[in-house]
file coords-v3.tsv (TSV, C-alpha atoms)
chain	number	residue	atom	x	y	z
A	1	MET	CA	-162.35	103.62	87.13
A	2	LYS	CA	-162.02	104.95	90.65
A	3	VAL	CA	-160.86	108.52	91.01
A	4	PRO	CA	-159.04	109.18	94.30
A	5	LEU	CA	-160.75	111.76	96.42
A	6	ARG	CA	-158.71	114.87	96.89
A	7	ASN	CA	-158.54	116.00	100.48
A	8	ASN	CA	-159.05	119.75	100.40
A	9	CYS	CA	-159.70	120.03	104.12
A	10	LYS	CA	-157.39	122.33	105.98
A	11	LYS	CA	-155.42	120.84	108.82
A	12	ILE	CA	-157.10	121.62	112.11
A	13	GLU	CA	-154.56	123.03	114.54
A	14	LYS	CA	-154.99	121.86	118.10
A	15	MET	CA	-154.98	124.66	120.66
A	16	SER	CA	-152.28	123.85	123.19
A	17	LEU	CA	-154.05	125.66	126.08
A	18	LYS	CA	-157.69	124.93	125.32
A	19	ASN	CA	-159.82	125.62	128.44
A	20	LYS	CA	-156.78	126.26	130.62
A	21	VAL	CA	-157.35	128.97	133.22
A	22	ALA	CA	-154.67	131.66	133.39
A	23	VAL	CA	-153.97	134.74	135.52
A	24	ILE	CA	-151.57	137.37	134.16
A	25	THR	CA	-150.50	140.20	136.45
A	26	GLY	CA	-149.79	143.42	134.60
A	27	GLY	CA	-151.79	141.90	131.76
A	28	ASN	CA	-153.34	145.19	130.72
A	29	SER	CA	-150.35	146.53	128.81
A	30	GLY	CA	-147.02	145.79	127.14
A	31	ILE	CA	-145.44	142.40	127.76
A	32	GLY	CA	-148.30	141.31	130.01
A	33	PHE	CA	-150.90	141.98	127.35
A	34	GLY	CA	-148.73	140.29	124.72
A	35	ILE	CA	-148.68	137.20	126.93
A	36	ALA	CA	-152.42	137.33	127.63
A	37	GLU	CA	-153.17	137.63	123.91
A	38	ALA	CA	-150.89	134.71	123.04
A	39	LEU	CA	-152.46	132.50	125.73
A	40	LYS	CA	-155.94	133.47	124.54
A	41	ASN	CA	-155.06	132.57	120.96
A	42	GLU	CA	-154.16	129.07	122.17
A	43	GLY	CA	-157.51	128.61	123.88
A	44	ALA	CA	-156.84	129.84	127.42
A	45	LYS	CA	-159.32	131.83	129.48
A	46	GLY	CA	-158.95	133.76	132.68
A	47	VAL	CA	-157.96	137.08	134.21
A	48	ILE	CA	-155.72	140.04	133.54
A	49	VAL	CA	-154.69	142.09	136.57
A	50	GLY	CA	-153.61	145.73	136.70
A	51	ARG	CA	-154.12	149.08	138.40
A	52	ASN	CA	-155.11	151.26	135.44
A	53	GLN	CA	-158.84	150.80	134.90
A	54	GLN	CA	-158.79	152.45	131.49
A	55	THR	CA	-156.20	150.06	130.04
A	56	LEU	CA	-157.82	147.11	131.83
A	57	ASP	CA	-161.12	147.92	130.13
A	58	SER	CA	-159.64	148.37	126.66
A	59	SER	CA	-157.43	145.29	126.93
A	60	VAL	CA	-160.18	142.95	128.09
A	61	VAL	CA	-162.35	144.06	125.15
A	62	LYS	CA	-159.53	143.00	122.80
A	63	LEU	CA	-159.17	139.65	124.56
A	64	GLY	CA	-162.85	138.80	124.27
A	65	ASP	CA	-165.46	137.06	126.37
A	66	ASN	CA	-163.18	134.41	127.89
A	67	PHE	CA	-161.18	136.98	129.87
A	68	ILE	CA	-162.12	139.36	132.65
A	69	ALA	CA	-160.13	142.19	134.23
A	70	ILE	CA	-159.54	142.69	137.94
A	71	ASN	CA	-158.20	145.97	139.29
A	72	ALA	CA	-155.69	145.10	142.00
A	73	ASP	CA	-152.35	146.14	143.48
A	74	VAL	CA	-149.92	143.20	143.36
A	75	THR	CA	-147.99	144.58	146.35
A	76	ASN	CA	-151.14	144.32	148.49
A	77	LEU	CA	-151.66	140.81	149.87
A	78	ALA	CA	-155.41	141.25	150.38
A	79	ASP	CA	-155.74	142.31	146.73
A	80	LEU	CA	-153.83	139.23	145.58
A	81	GLU	CA	-156.03	136.96	147.69
A	82	ARG	CA	-159.09	138.59	146.12
A	83	VAL	CA	-157.74	138.10	142.59
A	84	PHE	CA	-157.30	134.36	142.97
A	85	LYS	CA	-160.52	133.84	144.88
A	86	GLU	CA	-162.54	135.69	142.22
A	87	THR	CA	-160.76	133.84	139.42
A	88	SER	CA	-161.49	130.47	140.98
A	89	GLU	CA	-165.15	131.37	141.55
A	90	LYS	CA	-165.53	132.46	137.92
A	91	PHE	CA	-163.45	129.87	136.05
A	92	GLY	CA	-162.53	127.08	138.48
A	93	LYS	CA	-159.03	126.05	139.53
A	94	ILE	CA	-156.13	127.87	137.90
A	95	ASP	CA	-153.65	126.19	135.55
A	96	VAL	CA	-151.27	129.02	134.65
A	97	ILE	CA	-149.93	131.96	136.64
A	98	VAL	CA	-147.84	134.65	134.95
A	99	ALA	CA	-146.17	136.97	137.47
A	100	ASN	CA	-145.39	139.79	135.09
A	101	ALA	CA	-146.15	143.03	136.95
A	102	GLY	CA	-143.06	145.07	137.73
A	103	GLY	CA	-141.35	148.41	137.36
A	104	GLY	CA	-139.72	150.87	139.68
A	105	THR	CA	-137.47	153.90	139.86
A	106	VAL	CA	-134.20	154.13	137.98
A	107	GLY	CA	-131.05	155.49	139.63
A	108	THR	CA	-127.71	154.57	141.18
A	109	VAL	CA	-126.57	153.60	144.67
A	110	ALA	CA	-125.65	157.26	145.14
A	111	THR	CA	-129.10	158.59	144.25
A	112	LEU	CA	-131.73	156.07	145.37
A	113	GLY	CA	-132.93	156.18	148.96
A	114	GLU	CA	-135.09	154.03	151.21
A	115	ALA	CA	-138.38	155.00	149.58
A	116	GLU	CA	-137.16	154.04	146.10
A	117	PHE	CA	-135.60	150.85	147.48
A	118	ASP	CA	-138.85	149.76	149.12
A	119	GLN	CA	-140.94	150.63	146.05
A	120	THR	CA	-138.70	148.73	143.62
A	121	ILE	CA	-138.31	145.65	145.83
A	122	ASP	CA	-142.02	145.57	146.65
A	123	LEU	CA	-143.08	145.80	143.01
A	124	ASN	CA	-140.51	143.43	141.53
A	125	LEU	CA	-139.77	140.93	144.29
A	126	LYS	CA	-142.35	140.96	147.08
A	127	SER	CA	-145.14	140.96	144.50
A	128	VAL	CA	-143.72	137.90	142.72
A	129	TYR	CA	-143.26	135.94	145.94
A	130	PHE	CA	-146.78	136.64	147.18
A	131	THR	CA	-148.41	136.24	143.76
A	132	VAL	CA	-147.19	132.64	143.88
A	133	ASN	CA	-147.84	132.23	147.60
A	134	LYS	CA	-151.45	133.40	147.35
A	135	ALA	CA	-152.15	131.55	144.10
A	136	LEU	CA	-151.14	128.08	145.28
A	137	PRO	CA	-154.37	127.15	147.14
A	138	TYR	CA	-156.32	127.94	143.97
A	139	MET	CA	-154.05	126.11	141.50
A	140	ASN	CA	-154.36	122.70	139.93
A	141	ASP	CA	-151.53	120.26	140.57
A	142	GLY	CA	-149.41	119.98	137.45
A	143	GLY	CA	-149.88	123.65	136.60
A	144	SER	CA	-147.33	126.12	135.28
A	145	ILE	CA	-146.02	129.28	136.91
A	146	ILE	CA	-144.14	131.74	134.70
A	147	LEU	CA	-142.08	134.52	136.24
A	148	ILE	CA	-140.85	137.49	134.21
A	149	GLY	CA	-137.24	138.52	134.74
A	150	SER	CA	-135.07	141.01	132.87
A	151	ASN	CA	-131.69	140.92	131.21
A	152	ALA	CA	-130.84	143.78	133.58
A	153	ALA	CA	-130.08	140.88	135.94
A	154	HIS	CA	-127.20	139.85	133.68
A	155	ARG	CA	-125.75	143.22	132.68
A	156	ALA	CA	-125.12	146.16	135.00
A	157	TYR	CA	-126.95	148.81	133.02
A	158	PRO	CA	-126.49	152.37	134.29
A	159	ASN	CA	-129.27	153.43	136.69
A	160	PHE	CA	-130.84	149.94	136.92
A	161	THR	CA	-129.10	148.97	140.18
A	162	LEU	CA	-132.15	148.07	142.26
A	163	TYR	CA	-134.25	146.78	139.38
A	164	GLY	CA	-131.48	144.45	138.20
A	165	ALA	CA	-130.91	143.13	141.72
A	166	ALA	CA	-134.62	142.42	142.19
A	167	LYS	CA	-134.83	140.61	138.85
A	168	SER	CA	-131.77	138.53	139.77
A	169	ALA	CA	-133.71	137.27	142.77
A	170	VAL	CA	-136.74	136.53	140.57
A	171	ILE	CA	-134.54	134.27	138.44
A	172	PHE	CA	-133.50	132.42	141.60
A	173	PHE	CA	-137.15	132.13	142.66
A	174	ALA	CA	-137.84	129.99	139.57
A	175	LYS	CA	-135.36	127.40	140.84
A	176	ALA	CA	-136.39	127.55	144.49
A	177	PHE	CA	-140.14	127.55	143.83
A	178	SER	CA	-139.79	124.57	141.50
A	179	SER	CA	-137.99	122.67	144.25
A	180	ASP	CA	-140.62	123.67	146.79
A	181	LEU	CA	-143.46	122.52	144.53
A	182	LEU	CA	-142.12	119.21	143.23
A	183	GLY	CA	-144.71	117.33	145.26
A	184	ARG	CA	-147.51	119.06	143.37
A	185	LYS	CA	-145.80	118.80	139.97
A	186	ILE	CA	-146.16	122.54	139.49
A	187	ARG	CA	-143.42	123.79	137.17
A	188	VAL	CA	-141.92	127.23	137.70
A	189	ASN	CA	-139.80	128.88	135.01
A	190	VAL	CA	-138.68	132.41	134.21
A	191	ILE	CA	-138.68	134.33	130.93
A	192	THR	CA	-135.98	136.99	130.72
A	193	PRO	CA	-136.83	139.66	128.15
A	194	GLY	CA	-134.38	142.18	126.77
A	195	THR	CA	-135.29	145.62	125.43
A	196	THR	CA	-138.94	145.35	124.40
A	197	ASP	CA	-141.18	147.85	122.64
A	198	THR	CA	-143.78	148.65	125.31
A	199	PRO	CA	-145.51	151.73	126.76
A	200	ALA	CA	-143.44	151.25	129.94
A	201	PHE	CA	-140.22	151.48	127.92
A	202	ASP	CA	-141.44	154.70	126.30
A	203	LYS	CA	-141.95	156.31	129.72
A	204	PHE	CA	-138.20	156.28	130.33
A	205	ILE	CA	-137.48	158.24	127.13
A	206	PRO	CA	-138.22	161.90	126.27
A	207	GLU	CA	-141.04	161.88	123.71
A	208	ASP	CA	-138.99	163.61	121.01
A	209	GLN	CA	-136.21	161.00	121.33
A	210	ILE	CA	-138.23	157.77	121.32
A	211	ASP	CA	-137.56	156.80	117.68
A	212	VAL	CA	-133.86	157.69	117.92
A	213	ILE	CA	-133.36	155.70	121.13
A	214	LYS	CA	-135.22	152.66	119.79
A	215	THR	CA	-133.12	152.74	116.62
A	216	HIS	CA	-129.99	152.89	118.77
A	217	PHE	CA	-131.10	149.91	120.88
A	218	ALA	CA	-131.93	147.93	117.75
A	219	SER	CA	-128.42	148.59	116.41
A	220	GLU	CA	-126.98	147.21	119.67
A	221	MET	CA	-129.00	144.00	119.50
A	222	PRO	CA	-127.24	141.02	117.88
A	223	ILE	CA	-130.50	140.08	116.18
A	224	GLY	CA	-130.91	143.62	114.77
A	225	ARG	CA	-134.21	144.68	116.35
A	226	ILE	CA	-135.77	145.26	119.74
A	227	GLY	CA	-138.29	142.79	121.07
A	228	GLN	CA	-142.06	142.84	120.72
A	229	PRO	CA	-144.57	141.71	123.38
A	230	SER	CA	-145.58	138.91	120.99
A	231	ASP	CA	-142.03	137.49	121.23
A	232	ILE	CA	-142.49	137.04	124.96
A	233	GLY	CA	-146.05	135.78	124.46
A	234	LYS	CA	-144.93	132.91	122.22
A	235	THR	CA	-142.42	131.78	124.83
A	236	ALA	CA	-145.06	131.97	127.55
A	237	VAL	CA	-147.36	129.72	125.51
A	238	PHE	CA	-144.58	127.12	125.33
A	239	LEU	CA	-143.92	127.24	129.08
A	240	ALA	CA	-147.64	127.15	129.90
A	241	SER	CA	-148.29	124.11	127.71
A	242	ASP	CA	-147.48	120.42	128.00
A	243	ASP	CA	-144.79	120.95	125.34
A	244	SER	CA	-142.49	122.10	128.16
A	245	SER	CA	-143.44	119.37	130.63
A	246	PHE	CA	-139.79	118.38	131.19
A	247	ILE	CA	-138.64	121.95	131.91
A	248	LEU	CA	-138.66	123.42	135.40
A	249	GLY	CA	-136.52	125.92	137.28
A	250	ALA	CA	-135.23	127.19	133.95
A	251	GLU	CA	-134.54	130.64	132.61
A	252	ILE	CA	-135.30	131.32	128.95
A	253	LEU	CA	-133.61	134.43	127.55
A	254	VAL	CA	-135.81	136.22	125.03
A	255	ASP	CA	-133.51	139.18	124.45
A	256	GLY	CA	-132.25	138.93	120.87
A	257	GLY	CA	-128.89	137.64	122.08
A	258	MET	CA	-128.16	140.79	124.05
A	259	SER	CA	-127.08	139.12	127.29
A	260	TYR	CA	-124.44	136.73	126.02
A	261	LEU	CA	-123.58	137.50	122.39
A	262	ALA	CA	-121.10	140.16	121.33
A	263	LYS	CA	-122.29	142.70	118.77

call {"tool": "encode", "arguments": {"input": "coords-v3.tsv", "output": "structure tokens"}}
result
Amino acid sequence: MKVPLRNNCKKIEKMSLKNKVAVITGGNSGIGFGIAEALKNEGAKGVIVGRNQQTLDSSVVKLGDNFIAINADVTNLADLERVFKETSEKFGKIDVIVANAGGGTVGTVATLGEAEFDQTIDLNLKSVYFTVNKALPYMNDGGSIILIGSNAAHRAYPNFTLYGAAKSAVIFFAKAFSSDLLGRKIRVNVITPGTTDTPAFDKFIPEDQIDVIKTHFASEMPIGRIGQPSDIGKTAVFLASDDSSFILGAEILVDGGMSYLAK
């Protein structure tokens, strides 16, 4: 009598980004690190970029041997050129670019002057344009570029006048860049996060009010909580992989329904 063999082997999950080379600007903290970690977990290797050497060092240790850190200013074109040249020399041609670095000064049209305007536009718009511009010679055809927007582009939050305007333009860039790069089959898409639990978010809140403010934001979210960097990371994995091969010029809202759903 034959006894059927029982298959006790666990299913082997295929890594969707195995050996893909990625560069994540602002990858040393918050959303950027959440994205880098998610890409790493799917088999990617590459570079995180930032200006804080301490967080670069600690983040790259967490990511492991397949990632290196490069200290660079994304508003400086020579720095961007260096980032992509060093990445290519270390890992070969690049498959995934995540233009995540951003920030700026909050305020209204009555309070923000030329210096704040230039800083916010440089960090959130100029940096995105030239991250893509400088990366292209080092990218594989058929690669994926992921821009990071903000739901401040969809709702006029108090004091986010310049930031929201810059992120609105980033959302347009995803469409225009995709059109520009059709001949190389490079897809460009944008992830639009809502309120996300990051060190950058904490900087805008007095230390003794952080928990209260986060609880308030969670109560305003249709989904009932604020976002985590891992939420953005999972979406970035999808856009970086072949699973999204028919998606380009698109915006994916990862904001708990905050932009379009009533609470």

call {"tool": "residues_around", "arguments": {"input": "coords-v3.tsv", "residues": "Asp65 of chain A", "least_positions_apart": "6", "cutoff": "12 Å", "atoms": "only C-alpha atoms", "output": "NGL selection string"}}
result
:A and (40 or 43-47 or 59)

call {"tool": "atom_distance", "arguments": {"input": "coords-v3.tsv", "atom1": "atom CA of Phe84 of chain A", "atom2": "atom CA of Ala165 of chain A"}}
result
27.8 Å

call {"tool": "atom_distance", "arguments": {"input": "coords-v3.tsv", "atom1": "atom CA of Ser241 of chain A", "atom2": "atom CA of Asn28 of chain A"}}
result
21.9 Å

call {"tool": "atom_distance", "arguments": {"input": "coords-v3.tsv", "atom1": "atom CA of Ala135 of chain A", "atom2": "atom CA of Ala99 of chain A"}}
result
10.4 Å

call {"tool": "residues_around", "arguments": {"input": "coords-v3.tsv", "residues": "Asp141 of chain A", "least_positions_apart": "5", "cutoff": "7 Å", "atoms": "only C-alpha atoms", "output": "VMD selection string"}}
result
chain A and resid 184 to 186

call {"tool": "closest_residue", "arguments": {"input": "coords-v3.tsv", "among": "A:Gly50, A:Gly183, A:Gly142, A:Gly227", "to": "Val83 of chain A", "atoms": "all atoms listed in the file"}}
result
A:Gly50

call {"tool": "residues_around", "arguments": {"input": "coords-v3.tsv", "residues": "Ser127 of chain A", "least_positions_apart": "3", "cutoff": "6 Å", "atoms": "all atoms listed in the file", "output": "PyMOL selection string"}}
result
chain A and resi 74-75+122-123+130-131

call {"tool": "residues_around", "arguments": {"input": "coords-v3.tsv", "residues": "Leu239 of chain A", "least_positions_apart": "3", "cutoff": "12 Å", "atoms": "only C-alpha atoms", "output": "PyMOL selection string"}}
result
chain A and resi 16-17+35+38-39+95-98+143-148+186-191+232-236+242-252

call {"tool": "residues_around", "arguments": {"input": "coords-v3.tsv", "residues": "Pro193 of chain A", "least_positions_apart": "4", "cutoff": "12 Å", "atoms": "only C-alpha atoms", "output": "NGL selection string"}}
result
:A and (30-32 or 100 or 147-154 or 167 or 171 or 197-198 or 226-233 or 235-236 or 251-259)

call {"tool": "closest_residue", "arguments": {"input": "coords-v3.tsv", "among": "A:Asn66, A:Thr196, A:Asn140, A:Thr215", "to": "Glu42 of chain A", "atoms": "all atoms listed in the file"}}
result
A:Asn66

call {"tool": "closest_residue", "arguments": {"input": "coords-v3.tsv", "among": "A:Thr161, A:Ser58, A:Gln53, A:Asn124", "to": "Ala72 of chain A", "atoms": "only C-alpha atoms"}}
result
A:Gln53

call {"tool": "decode", "arguments": {"input": "coords-v3.tsv", "residues": "segment 98-143 of chain A", "atoms": "C-alpha atoms", "output": "tab-separated table (two decimals), in the first residue's frame"}}
result
chain	number	residue	atom	x	y	z
A	98	VAL	CA	12.77	57.18	-5.12
A	99	ALA	CA	12.77	61.00	-4.94
A	100	ASN	CA	11.65	61.30	-1.35
A	101	ALA	CA	13.72	64.10	0.21
A	102	GLY	CA	11.67	67.18	1.06
A	103	GLY	CA	10.65	69.59	3.77
A	104	GLY	CA	10.63	73.32	4.19
A	105	THR	CA	9.29	76.17	6.28
A	106	VAL	CA	5.64	76.45	7.25
A	107	GLY	CA	3.78	79.77	7.03
A	108	THR	CA	1.26	81.80	5.04
A	109	VAL	CA	1.50	84.15	2.07
A	110	ALA	CA	1.58	86.97	4.62
A	111	THR	CA	4.54	85.59	6.56
A	112	LEU	CA	6.86	83.76	4.16
A	113	GLY	CA	9.43	85.77	2.23
A	114	GLU	CA	11.86	85.14	-0.61
A	115	ALA	CA	14.31	83.11	1.47
A	116	GLU	CA	11.60	80.70	2.64
A	117	PHE	CA	10.17	80.52	-0.88
A	118	ASP	CA	13.52	79.60	-2.39
A	119	GLN	CA	14.29	77.04	0.34
A	120	THR	CA	10.93	75.27	0.04
A	121	ILE	CA	10.89	75.21	-3.77
A	122	ASP	CA	14.52	74.09	-3.95
A	123	LEU	CA	14.01	71.24	-1.49
A	124	ASN	CA	10.65	69.99	-2.76
A	125	LEU	CA	10.65	70.80	-6.48
A	126	LYS	CA	14.10	71.61	-7.84
A	127	SER	CA	15.51	68.58	-6.03
A	128	VAL	CA	12.93	66.24	-7.56
A	129	TYR	CA	13.47	67.55	-11.09
A	130	PHE	CA	17.25	67.25	-10.90
A	131	THR	CA	17.21	63.94	-9.03
A	132	VAL	CA	15.48	62.50	-12.09
A	133	ASN	CA	17.51	64.54	-14.57
A	134	LYS	CA	20.85	63.45	-13.12
A	135	ALA	CA	19.77	59.83	-12.59
A	136	LEU	CA	18.69	59.11	-16.17
A	137	PRO	CA	22.15	58.43	-17.69
A	138	TYR	CA	22.74	55.83	-14.97
A	139	MET	CA	19.35	54.09	-15.20
A	140	ASN	CA	18.32	50.92	-16.95
A	141	ASP	CA	15.59	51.22	-19.57
A	142	GLY	CA	12.36	49.85	-18.16
A	143	GLY	CA	13.14	51.15	-14.67
